[in-house]
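Student: What follows is run20.tsv, made up of TSV, C-alpha atoms:
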chain	number	residue	atom	x	y	z
S	10	MET	CA	0.00	0.00	0.00
S	11	ASP	CA	1.27	3.46	-0.86
S	12	PRO	CA	2.18	5.34	2.33
S	13	ALA	CA	0.91	8.53	0.77
S	14	THR	CA	-2.60	7.13	0.39
S	15	ASP	CA	-2.65	5.25	3.74
S	16	GLN	CA	-5.12	7.00	6.16
S	17	THR	CA	-4.87	4.48	9.02
S	18	MET	CA	-4.93	6.33	12.40
S	19	SER	CA	-2.86	5.16	15.34
S	20	LEU	CA	-4.30	4.82	18.86
S	21	ASP	CA	-2.38	7.82	20.11
S	22	GLU	CA	-3.74	9.94	17.28
S	23	TYR	CA	-7.29	8.72	18.05
S	24	ASP	CA	-6.92	9.54	21.74
S	25	ALA	CA	-5.66	12.97	20.87
S	26	LEU	CA	-8.73	13.65	18.70
S	27	HIS	CA	-11.18	12.06	21.25
S	28	PRO	CA	-10.15	12.92	24.81
S	29	PRO	CA	-11.80	10.76	27.55
S	30	SER	CA	-14.76	12.12	29.53
S	31	GLU	CA	-14.63	13.01	33.25
S	32	THR	CA	-16.50	9.79	34.16
S	33	ALA	CA	-13.97	7.69	32.25
S	34	LEU	CA	-11.13	9.49	33.98
S	35	ARG	CA	-12.66	8.68	37.41
S	36	PHE	CA	-12.90	5.00	36.48
S	37	GLN	CA	-9.27	5.00	35.26
S	38	ALA	CA	-8.16	6.51	38.60
S	39	GLY	CA	-9.77	3.63	40.51
S	40	ASN	CA	-12.71	5.67	41.86
S	41	THR	CA	-15.24	3.03	40.87
S	42	PRO	CA	-18.49	3.38	42.83
S	43	ARG	CA	-18.95	0.46	45.24
S	44	SER	CA	-22.61	-0.28	44.57
S	45	ILE	CA	-25.82	1.27	43.45
S	46	HIS	CA	-28.72	1.10	45.94
S	47	PHE	CA	-32.32	0.91	44.76
S	48	SER	CA	-35.10	1.61	47.31
S	49	PRO	CA	-37.97	-0.91	47.16
S	50	PRO	CA	-41.33	0.52	46.19
S	51	ALA	CA	-43.31	1.80	49.16
S	52	ILE	CA	-46.25	-0.38	50.32
S	53	VAL	CA	-49.46	1.55	49.90
S	54	PRO	CA	-52.40	0.35	52.04
S	55	LEU	CA	-55.83	-0.22	50.61
S	56	PRO	CA	-58.36	2.59	50.90
S	57	ALA	CA	-59.98	2.74	54.33
S	58	ILE	CA	-63.65	1.80	54.44
S	59	GLU	CA	-66.19	2.32	57.23
S	60	THR	CA	-66.83	-0.99	59.02
S	61	TYR	CA	-69.10	-1.69	61.96
S	62	GLY	CA	-67.91	-5.25	62.59
S	63	VAL	CA	-71.13	-6.77	61.26
S	64	ALA	CA	-69.43	-9.69	59.53
S	65	ALA	CA	-67.08	-10.28	62.48
S	66	ALA	CA	-69.99	-10.44	64.95
S	67	GLU	CA	-72.03	-12.74	62.72
S	68	PHE	CA	-69.00	-14.96	62.14
S	69	ASN	CA	-68.29	-15.27	65.88
S	70	ALA	CA	-71.93	-16.16	66.56
S	71	LEU	CA	-71.86	-18.81	63.83
S	72	CYS	CA	-68.61	-20.23	65.24
S	73	GLN	CA	-70.33	-20.65	68.61
S	74	LEU	CA	-73.11	-22.65	66.96
S	75	HIS	CA	-70.47	-24.89	65.34
S	76	GLY	CA	-68.48	-25.19	68.56
S	77	LEU	CA	-65.42	-23.51	67.00
S	78	ARG	CA	-63.00	-20.95	68.41
S	79	PRO	CA	-61.68	-18.59	65.71
S	80	MET	CA	-58.09	-17.36	65.82
S	81	PHE	CA	-57.04	-14.12	64.10
S	82	SER	CA	-53.33	-13.45	63.55
S	83	PHE	CA	-52.02	-10.25	61.97
S	84	THR	CA	-48.81	-9.30	60.14
S	85	GLU	CA	-47.47	-5.78	59.61
S	86	PRO	CA	-45.22	-5.66	56.52
S	87	ALA	CA	-45.02	-1.87	56.80
S	88	GLN	CA	-46.10	0.72	59.29
S	89	GLY	CA	-49.87	1.13	59.11
S	90	CYS	CA	-50.32	-1.87	56.78
S	91	PHE	CA	-51.74	-5.15	58.04
S	92	GLY	CA	-52.28	-8.66	56.69
S	93	VAL	CA	-54.50	-11.21	58.40
S	94	LYS	CA	-54.85	-14.97	58.79
S	95	LEU	CA	-57.95	-16.69	60.18
S	96	GLU	CA	-58.00	-20.24	61.56
S	97	PHE	CA	-61.16	-21.96	62.78
S	98	GLY	CA	-61.34	-25.71	63.15
S	99	VAL	CA	-59.77	-27.31	60.06
S	100	HIS	CA	-60.37	-24.21	57.94
S	101	VAL	CA	-57.83	-21.49	57.16
S	102	CYS	CA	-58.43	-18.17	55.39
S	103	GLU	CA	-55.63	-15.72	54.64
S	104	ASP	CA	-55.44	-12.28	53.04
S	105	GLN	CA	-52.09	-10.48	53.02
S	106	ARG	CA	-53.25	-7.40	51.18
S	107	PRO	CA	-52.09	-4.26	53.01
S	108	PHE	CA	-55.16	-3.23	54.98
S	109	PRO	CA	-55.03	0.18	56.68
S	110	SER	CA	-56.23	-1.22	60.04
S	111	LYS	CA	-56.61	-4.52	61.89
S	112	LYS	CA	-60.32	-3.84	62.27
S	113	GLN	CA	-60.82	-3.63	58.50
S	114	ALA	CA	-58.66	-6.72	57.94
S	115	LYS	CA	-60.68	-8.67	60.51
S	116	GLU	CA	-63.97	-7.61	58.93
S	117	ILE	CA	-62.88	-8.67	55.41
S	118	ILE	CA	-61.48	-12.04	56.51
S	119	SER	CA	-64.64	-12.66	58.58
S	120	GLN	CA	-66.69	-12.32	55.41
S	121	ARG	CA	-64.65	-15.11	53.85
S	122	GLY	CA	-65.06	-17.20	56.99
S	123	LEU	CA	-68.83	-16.74	56.78
S	124	GLU	CA	-68.84	-18.04	53.21
S	125	VAL	CA	-67.08	-21.20	54.42
S	126	LEU	CA	-69.27	-21.84	57.47
S	127	ARG	CA	-72.53	-21.25	55.60
S	128	ASN	CA	-71.72	-24.31	53.50
S	129	VAL	CA	-71.00	-26.48	56.56
S	130	ASP	CA	-73.82	-28.33	58.33
S	131	LEU	CA	-74.28	-27.58	62.01
S	132	PRO	CA	-73.14	-30.40	64.33
S	133	ALA	CA	-75.61	-32.24	66.49
S	134	ARG	CA	-75.82	-30.01	69.53
S	135	THR	CA	-76.70	-31.33	72.96
S	136	LYS	CA	-78.78	-29.17	75.21
S	137	ARG	CA	-76.69	-27.28	77.70
S	138	LYS	CA	-77.44	-27.57	81.37
S	139	SER	CA	-78.47	-23.93	81.53
S	140	GLU	CA	-81.11	-24.60	78.85
S	141	ASP	CA	-82.57	-27.60	80.66
S	142	PRO	CA	-85.58	-26.51	82.75
S	143	SER	CA	-85.02	-29.43	85.12
S	144	SER	CA	-81.67	-27.90	86.15
S	145	ILE	CA	-83.51	-25.49	88.48
S	146	TYR	CA	-84.21	-28.48	90.76
S	147	GLU	CA	-80.54	-29.45	91.15
S	148	GLU	CA	-78.77	-28.61	94.34
S	149	ASN	CA	-76.82	-25.39	94.60
S	150	TRP	CA	-73.66	-26.89	96.07
S	151	ILE	CA	-71.79	-23.60	96.43
S	152	GLY	CA	-74.81	-21.94	98.04
S	153	LEU	CA	-75.34	-24.83	100.45
S	154	LEU	CA	-71.73	-24.70	101.63
S	155	THR	CA	-71.86	-20.91	102.01
S	156	GLU	CA	-75.08	-21.12	104.01
S	157	TYR	CA	-73.60	-23.82	106.27
S	158	CYS	CA	-70.55	-21.66	107.00
S	159	GLN	CA	-72.69	-18.61	107.75
S	160	LYS	CA	-75.02	-20.57	110.03
S	161	ASN	CA	-72.08	-21.97	112.01
S	162	ARG	CA	-70.26	-18.60	112.06
S	163	LEU	CA	-67.34	-19.90	109.99
S	164	PRO	CA	-65.36	-17.88	107.44
S	165	PRO	CA	-66.21	-18.49	103.75
S	166	ALA	CA	-64.62	-21.41	101.96
S	167	ARG	CA	-61.30	-20.64	100.25
S	168	TYR	CA	-61.22	-21.65	96.56
S	169	ASN	CA	-58.03	-21.90	94.52
S	170	ASP	CA	-58.42	-21.94	90.74
S	171	HIS	CA	-55.91	-23.76	88.52
S	172	VAL	CA	-55.60	-23.34	84.75
S	173	ALA	CA	-54.03	-26.00	82.48
S	174	ASN	CA	-53.20	-25.47	78.82
S	175	ASN	CA	-54.08	-28.03	76.20
S	176	VAL	CA	-51.00	-30.27	76.30
S	177	ALA	CA	-51.64	-31.69	72.83
S	178	ASN	CA	-51.54	-28.22	71.27
S	179	GLN	CA	-48.46	-27.36	73.26
S	180	LYS	CA	-46.57	-30.40	72.01
S	181	ALA	CA	-47.64	-29.69	68.45
S	182	GLY	CA	-46.34	-26.13	68.68
S	183	LEU	CA	-49.80	-24.68	68.09
S	184	ALA	CA	-51.37	-21.68	69.74
S	185	LEU	CA	-52.63	-22.43	73.24
S	186	THR	CA	-56.26	-21.46	72.77
S	187	THR	CA	-57.90	-24.24	74.79
S	188	TYR	CA	-57.76	-24.03	78.55
S	189	LEU	CA	-58.92	-26.50	81.17
S	190	HIS	CA	-59.79	-25.55	84.74
S	191	ALA	CA	-59.35	-27.26	88.07
S	192	CYS	CA	-60.27	-26.10	91.56
S	193	THR	CA	-59.24	-26.96	95.12
S	194	MET	CA	-60.80	-25.67	98.31
S	195	THR	CA	-60.24	-25.58	102.06
S	196	THR	CA	-62.79	-24.66	104.70
S	197	ASP	CA	-62.82	-24.34	108.47
S	198	ALA	CA	-65.85	-26.63	108.44
S	199	ALA	CA	-63.43	-29.50	107.71
S	200	PRO	CA	-60.01	-28.54	109.17
S	201	GLY	CA	-57.03	-30.24	107.57
S	202	ARG	CA	-58.93	-31.44	104.48
S	203	THR	CA	-58.57	-30.23	100.90
S	204	PHE	CA	-61.48	-30.77	98.55
S	205	GLY	CA	-61.16	-30.97	94.79
S	206	SER	CA	-58.07	-31.85	92.78
S	207	GLU	CA	-55.67	-30.16	90.39
S	208	THR	CA	-56.01	-33.17	88.07
S	209	ALA	CA	-59.83	-33.03	87.85
S	210	LEU	CA	-60.11	-30.79	84.78
S	211	PHE	CA	-63.19	-29.03	83.43
S	212	THR	CA	-63.74	-26.83	80.41
S	213	LEU	CA	-65.51	-24.22	82.57
S	214	LYS	CA	-64.13	-22.62	85.73
S	215	ALA	CA	-67.62	-22.57	87.28
S	216	ALA	CA	-68.01	-26.32	86.76
S	217	ALA	CA	-64.70	-27.00	88.52
S	218	LYS	CA	-65.72	-24.83	91.47
S	219	ARG	CA	-69.17	-26.43	91.66
S	220	ASN	CA	-67.67	-29.94	91.69
S	221	THR	CA	-65.32	-28.98	94.53
S	222	ALA	CA	-68.19	-27.56	96.61
S	223	LYS	CA	-70.21	-30.71	95.94
S	224	GLN	CA	-67.43	-32.88	97.38
S	225	ALA	CA	-67.33	-30.72	100.50
S	226	VAL	CA	-71.11	-30.81	101.03
S	227	LEU	CA	-71.29	-34.58	100.57
S	228	TRP	CA	-68.42	-35.06	103.02
S	229	LEU	CA	-70.06	-32.80	105.60
S	230	ARG	CA	-73.35	-34.68	105.26
S	231	GLU	CA	-71.56	-37.91	106.03
S	232	HIS	CA	-69.14	-36.80	108.75
S	233	ALA	CA	-70.70	-33.69	110.29
S	234	ALA	CA	-74.07	-32.45	111.43
S	235	PHE	CA	-74.95	-30.78	108.16
S	236	SER	CA	-78.09	-28.91	109.17
S	237	VAL	CA	-78.81	-27.08	105.92
S	238	ASN	CA	-81.67	-28.78	104.13
S	239	ALA	CA	-80.93	-29.54	100.51
S	240	PRO	CA	-83.75	-29.02	98.01
S	241	THR	CA	-85.47	-32.16	96.85
S	242	GLU	CA	-84.60	-33.57	93.47
S	243	GLN	CA	-88.06	-32.82	92.17
S	244	ARG	CA	-90.26	-30.25	93.85
S	245	LYS	CA	-94.01	-30.69	93.97
S	246	ILE	CA	-95.67	-27.98	91.92
S	247	GLU	CA	-98.80	-26.71	93.60
S	248	ASP	CA	-101.23	-25.22	91.16
S	249	ASN	CA	-102.64	-22.76	93.64
S	250	LEU	CA	-104.77	-20.53	91.49
S	251	ASN	CA	-106.63	-18.94	94.42
S	252	ILE	CA	-103.76	-16.49	94.85
S	253	SER	CA	-104.60	-13.09	93.42
S	254	LEU	CA	-102.55	-11.60	90.64
S	255	THR	CA	-101.66	-8.60	92.80
S	256	ASP	CA	-100.31	-10.73	95.67
S	257	ALA	CA	-98.39	-12.94	93.27
S	258	THR	CA	-96.78	-9.91	91.66
S	259	ASN	CA	-95.73	-8.51	95.03
S	260	GLN	CA	-93.86	-11.74	95.79
S	261	LEU	CA	-91.87	-11.51	92.55
S	262	THR	CA	-90.81	-7.88	92.50
S	263	ALA	CA	-87.23	-8.64	93.62
S	264	GLN	CA	-86.56	-11.22	90.91
S	265	THR	CA	-85.03	-10.89	87.44
S	266	PRO	CA	-87.29	-11.16	84.35
S	267	ALA	CA	-86.11	-14.74	83.70
S	268	GLN	CA	-86.83	-15.72	87.32
S	269	LEU	CA	-90.25	-14.09	87.09
S	270	VAL	CA	-91.08	-16.17	84.03
S	271	ALA	CA	-89.84	-19.38	85.71
S	272	THR	CA	-91.87	-18.74	88.86
S	273	ARG	CA	-95.02	-17.78	86.98
S	274	SER	CA	-94.66	-20.85	84.76
S	275	LEU	CA	-94.51	-23.14	87.80
S	276	GLN	CA	-97.61	-21.45	89.24
S	277	LEU	CA	-99.45	-22.30	86.04
S	278	GLY	CA	-98.23	-25.91	86.03
S	279	LEU	CA	-95.84	-25.28	83.11
S	280	THR	CA	-92.15	-26.04	82.74
S	281	PRO	CA	-90.06	-22.83	82.46
S	282	PRO	CA	-89.24	-22.08	78.80
S	283	SER	CA	-85.90	-22.12	77.01
S	284	TYR	CA	-84.64	-19.12	75.06
S	285	GLN	CA	-83.12	-18.82	71.59
S	286	MET	CA	-81.00	-15.85	70.51
S	287	LYS	CA	-80.20	-15.20	66.86
S	288	PRO	CA	-77.69	-12.56	65.64
S	289	VAL	CA	-79.05	-10.04	63.15
S	290	LEU	CA	-77.74	-7.05	61.25
S	291	PRO	CA	-77.84	-3.79	63.23
S	292	PRO	CA	-80.52	-1.19	62.47
S	293	ASP	CA	-79.68	1.65	60.11
S	294	GLY	CA	-77.32	4.08	61.75
S	295	ALA	CA	-76.37	1.80	64.64
S	296	ALA	CA	-72.69	1.93	65.54
S	297	THR	CA	-72.42	-1.54	67.05
S	298	ALA	CA	-72.91	-5.02	65.61
S	299	ALA	CA	-73.99	-7.04	68.68
S	300	TRP	CA	-77.68	-7.11	67.78
S	301	TYR	CA	-79.97	-10.09	68.41
S	302	VAL	CA	-83.59	-11.20	68.29
S	303	ALA	CA	-84.92	-13.57	70.94
S	304	ALA	CA	-87.85	-15.94	71.44
S	305	ALA	CA	-88.97	-18.43	74.09
S	306	THR	CA	-90.26	-21.97	73.58
S	307	PHE	CA	-92.22	-24.15	76.01
S	308	LEU	CA	-92.36	-27.94	76.01
S	309	SER	CA	-94.78	-29.56	73.56
S	310	GLN	CA	-96.81	-31.14	76.39
S	311	ASP	CA	-97.25	-27.69	77.92
S	312	ALA	CA	-98.49	-26.38	74.58
S	313	LEU	CA	-101.12	-29.13	74.56
S	314	LYS	CA	-102.37	-28.01	77.98
S	315	GLU	CA	-102.17	-24.30	77.10
S	316	PRO	CA	-102.15	-23.63	73.30
S	317	ARG	CA	-101.16	-19.99	73.79
S	318	VAL	CA	-97.63	-21.04	74.79
S	319	GLY	CA	-97.09	-23.12	71.65
S	320	GLY	CA	-94.45	-22.23	69.07
S	321	PHE	CA	-92.24	-19.17	69.54
S	322	VAL	CA	-93.44	-16.93	72.36
S	323	GLY	CA	-92.33	-13.39	73.14
S	324	GLU	CA	-90.50	-12.80	69.88
S	325	THR	CA	-88.58	-9.52	70.05
S	326	GLY	CA	-87.27	-7.04	67.55
S	327	SER	CA	-83.58	-6.20	67.20
S	328	CYS	CA	-81.94	-5.67	70.60
S	329	ASN	CA	-78.41	-4.56	71.40
S	330	GLY	CA	-76.75	-7.54	73.13
S	331	GLN	CA	-77.95	-11.00	74.10
S	332	LYS	CA	-78.77	-9.94	77.67
S	333	ASN	CA	-81.09	-7.15	76.57
S	334	ALA	CA	-82.73	-9.42	73.99
S	335	LYS	CA	-83.45	-12.10	76.59
S	336	GLU	CA	-84.79	-9.59	79.12
S	337	GLU	CA	-87.11	-8.08	76.50
S	338	CYS	CA	-88.31	-11.57	75.56
S	339	CYS	CA	-88.95	-12.44	79.21
S	340	LYS	CA	-91.04	-9.30	79.67
S	341	LEU	CA	-93.24	-10.24	76.71
S	342	VAL	CA	-93.59	-13.83	77.94
S	343	LEU	CA	-94.47	-12.60	81.43
S	344	ILE	CA	-97.29	-10.45	80.05
S	345	LEU	CA	-98.80	-13.53	78.40
S	346	LEU	CA	-98.42	-15.69	81.53
S	347	ASN	CA	-100.01	-12.99	83.70
S	348	GLU	CA	-102.98	-12.87	81.32
S	349	ILE	CA	-103.40	-16.65	81.56
S	350	LEU	CA	-103.18	-16.55	85.37
S	351	GLU	CA	-105.72	-13.73	85.59
S	352	GLU	CA	-108.16	-15.56	83.31
S	353	ARG	CA	-107.91	-18.74	85.39
S	354	ARG	CA	-108.44	-16.77	88.58
S	355	LYS	CA	-111.58	-15.18	87.17
S	356	VAL	CA	-112.91	-18.59	86.17
S	357	LEU	CA	-112.44	-19.84	89.73
S	358	VAL	CA	-114.14	-16.77	91.20
S	359	VAL	CA	-117.13	-17.13	88.86
S	360	GLY	CA	-117.36	-20.86	89.56
In structure tokens, what does this structure look like?

Tutor:
Amino acid sequence: MDPATDQTMSLDEYDALHPPSETALRFQAGNTPRSIHFSPPAIVPLPAIETYGVAAAEFNALCQLHGLRPMFSFTEPAQGCFGVKLEFGVHVCEDQRPFPSKKQAKEIISQRGLEVLRNVDLPARTKRKSEDPSSIYEENWIGLLTEYCQKNRLPPARYNDHVANNVANQKAGLALTTYLHACTMTTDAAPGRTFGSETALFTLKAAAKRNTAKQAVLWLREHAAFSVNAPTEQRKIEDNLNISLTDATNQLTAQTPAQLVATRSLQLGLTPPSYQMKPVLPPDGAATAAWYVAAATFLSQDALKEPRVGGFVGETGSCNGQKNAKEECCKLVLILLNEILEERRKVLVVG
């Protein structure tokens, strides 16, 4: 190749025509940046919505009917953002969307829990002791022991409650949500003796205490002069209709509405009713979700004797809380029973 026509450029000539930039010079001097940090995108919570806990209250009530104990667990991936996990029985619902509050997260996950439970049949439910009208004839063991101590000028019995966690859950590493109760007791009526046992476990604290008092009363009946008369297993119901409605009312003024209904029922020869409470949605504008309707039911044989107590009696409207619903139902039932008693009294007077 002719040197005169050769236009090849050397590296030095190229560098002279194209000087390096300032960034390239910093890299050549060894000032390489260590790393480049990128901030993760900020977690933005979902829009806040107004919740009154309607679904949560309805879900809890439905869990009680199924004999389940729901467990809510929350996570907080960022400040003010919450995820939620719901466990009830063998079912698990989870929603890790960033909710702005635990209350809103609980309400949303409760809606999903309701969808699951509504497709599950209710288990066969045995009647609780408190719903059995015959339970009013059982002996009040705690009351008997207290009365005995008062009559003999002894200090009250000393009860010690003991709580035991569910060992199976503890070994499995699960949350300890099931508790069992035991009770022991000492009394000056039986010096040196301890009634009850820490190994006799009950699901209710009251049941453990009642069992301990029962042991003490039975022991005192056998070894001491237990002078308090226990109520008979089945009281004789006297249908004394000659009593006037005014006098009967005066005798009941110090009782609760449920006790009034029970007493009036016995006067009429009826078995005291049982009560059913059903959760309902709150009225418009109500700020709380614990709303219920209540009704009372008498035994079928009582309905045959007195047709007016057949079916659901004393049905109420929406009431805030189960206690208020039951009291309102009892008042309505008492009005009906008073009318029946007054009519029977008039028939006797005319006859």

Student: In Å, how far is it from CA of Cys90 (chain S) to CA of Ala66 (chain S)?

Tutor: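 CA of Ala66 (chain S) lies 23.0 Å from CA of Cys90 (chain S).
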
Student: Which residues are near Phe68 (chain S)? Cut-off 8 Å, all atoms listed in the file, ignore same chain within fewer than 5 positions. Put them as number ranges by chain.

Tutor: S: 119-120, 122-123

Student: Between S:Glu116, S:Glu231, S:Glu315, S:Glu124, which one has atoms that come closest to Leu350 (chain S), using all atoms listed in the file?

Tutor: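 For Leu350 (chain S), the nearest of the candidates is S:Glu315.
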
Student: For Tyr284 (chain S), work out the shell of residues within 9 Å, counting all atoms listed in the file and skipping chain neighbours fewer than 6 positions away, then give it as a list in words.

Tutor: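 My list of contacting residues is Glu140, Ala303, Ala304, Ala305, Thr306, Lys335, Cys338 and Cys339 of chain S.
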
Student: How many Å separate CA of Glu96 (chain S) from CA of Asn69 (chain S)?

Tutor: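 Pair CA of Glu96 (chain S) / CA of Asn69 (chain S) returns 12.2 Å.
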
Student: What's the 8 Å shell around Gly98 (chain S), counting all atoms listed in the file, without same-chain residues fewer than 6 positions away, as an NGL selection string?

Tutor: :S and (77-79)

Student: Between S:Ala65, S:Leu279, S:Ala70, S:Val289, which one has atoms that come closest to Pro316 (chain S), using all atoms listed in the file?

Tutor: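 Checking each candidate against Pro316 (chain S), we get S:Leu279 as the closest.
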
Student: What does the structure give for the distance between CA of Met286 (chain S) and CA of Gln268 (chain S), in Å to one decimal?

Tutor: 17.8 Å

Student: Name all residues at most 12 Å from Asn220 (chain S) (count all atoms listed in the file; drop same-chain ones fewer than 2 positions away) and give them as a list in words.

Tutor: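 With the cut-off at 12 Å, the set is Glu148, Asn149, Trp150, Ile151, Leu154, Tyr168, His190, Ala191, Cys192, Thr193, Met194, Phe204, Gly205, Ser206, Ala209, Leu210, Phe211, Leu213, Lys214, Ala215, Ala216, Ala217, Lys218, Ala222, Lys223, Gln224, Ala225, Val226 and Leu227 of chain S.
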
Student: Please check which residues have atoms at most 12 Å from (-86.8, -10.7, 71.2) in the file's coordinates, counting only C-alpha atoms, and write them as an MDAnalysis selection string.

Tutor: chainID S and resid 284:289 300:305 321:342

Student: Hey, can you spit out that residue selection with C-alpha atoms as a PDB file, keeping the file's coordinate frame?

Tutor:
ATOM      1  CA  TYR S 284     -84.640 -19.120  75.060  1.00  0.00           C
ATOM      2  CA  GLN S 285     -83.120 -18.820  71.590  1.00  0.00           C
ATOM      3  CA  MET S 286     -81.000 -15.850  70.510  1.00  0.00           C
ATOM      4  CA  LYS S 287     -80.200 -15.200  66.860  1.00  0.00           C
ATOM      5  CA  PRO S 288     -77.690 -12.560  65.640  1.00  0.00           C
ATOM      6  CA  VAL S 289     -79.050 -10.040  63.150  1.00  0.00           C
ATOM      7  CA  TRP S 300     -77.680  -7.110  67.780  1.00  0.00           C
ATOM      8  CA  TYR S 301     -79.970 -10.090  68.410  1.00  0.00           C
ATOM      9  CA  VAL S 302     -83.590 -11.200  68.290  1.00  0.00           C
ATOM     10  CA  ALA S 303     -84.920 -13.570  70.940  1.00  0.00           C
ATOM     11  CA  ALA S 304     -87.850 -15.940  71.440  1.00  0.00           C
ATOM     12  CA  ALA S 305     -88.970 -18.430  74.090  1.00  0.00           C
ATOM     13  CA  PHE S 321     -92.240 -19.170  69.540  1.00  0.00           C
ATOM     14  CA  VAL S 322     -93.440 -16.930  72.360  1.00  0.00           C
ATOM     15  CA  GLY S 323     -92.330 -13.390  73.140  1.00  0.00           C
ATOM     16  CA  GLU S 324     -90.500 -12.800  69.880  1.00  0.00           C
ATOM     17  CA  THR S 325     -88.580  -9.520  70.050  1.00  0.00           C
ATOM     18  CA  GLY S 326     -87.270  -7.040  67.550  1.00  0.00           C
ATOM     19  CA  SER S 327     -83.580  -6.200  67.200  1.00  0.00           C
ATOM     20  CA  CYS S 328     -81.940  -5.670  70.600  1.00  0.00           C
ATOM     21  CA  ASN S 329     -78.410  -4.560  71.400  1.00  0.00           C
ATOM     22  CA  GLY S 330     -76.750  -7.540  73.130  1.00  0.00           C
ATOM     23  CA  GLN S 331     -77.950 -11.000  74.100  1.00  0.00           C
ATOM     24  CA  LYS S 332     -78.770  -9.940  77.670  1.00  0.00           C
ATOM     25  CA  ASN S 333     -81.090  -7.150  76.570  1.00  0.00           C
ATOM     26  CA  ALA S 334     -82.730  -9.420  73.990  1.00  0.00           C
ATOM     27  CA  LYS S 335     -83.450 -12.100  76.590  1.00  0.00           C
ATOM     28  CA  GLU S 336     -84.790  -9.590  79.120  1.00  0.00           C
ATOM     29  CA  GLU S 337     -87.110  -8.080  76.500  1.00  0.00           C
ATOM     30  CA  CYS S 338     -88.310 -11.570  75.560  1.00  0.00           C
ATOM     31  CA  CYS S 339     -88.950 -12.440  79.210  1.00  0.00           C
ATOM     32  CA  LYS S 340     -91.040  -9.300  79.670  1.00  0.00           C
ATOM     33  CA  LEU S 341     -93.240 -10.240  76.710  1.00  0.00           C
ATOM     34  CA  VAL S 342     -93.590 -13.830  77.940  1.00  0.00           C
TER      35      VAL S 342
END

Student: With distances taken over all atoms listed in the file, which of S:Ala198, S:Ala267, S:Leu126, S:Leu229 is nearest to Gln159 (chain S)?

Tutor: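 Closest to Gln159 (chain S) of all the choices is S:Ala198.
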
Student: Select from region 79-126 of chain S every residue with an atom at most 9 Å from any atom of region 54-63 of chain S, then for each give the shortest pair of atoms and their distance in Å to one decimal, using all atoms listed in the file, rows by chain and rising number, as a tab-separated table.

Tutor:
residue	atom	partner	partner_atom	distance
S:Gly89	CA	S:Pro54	CA	7.5
S:Cys90	CA	S:Pro54	CA	5.6
S:Phe91	CA	S:Pro54	CA	8.2
S:Arg106	CA	S:Leu55	CA	7.7
S:Pro107	CA	S:Pro54	CA	4.7
S:Phe108	CA	S:Leu55	CA	5.3
S:Pro109	CA	S:Pro54	CA	5.3
S:Ser110	CA	S:Ala57	CA	7.9
S:Lys112	CA	S:Gly62	CA	7.7
S:Gln113	CA	S:Thr60	CA	6.6
S:Lys115	CA	S:Gly62	CA	8.3
S:Glu116	CA	S:Gly62	CA	5.9

Student: Return the single residue from S:Ala166, S:Ala114, S:Val101, S:Cys158 that is closest to Thr84 (chain S), with distances computed using only C-alpha atoms.

Tutor: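 Between S:Ala166, S:Ala114, S:Val101, S:Cys158, the residue approaching Thr84 (chain S) most closely is S:Ala114.
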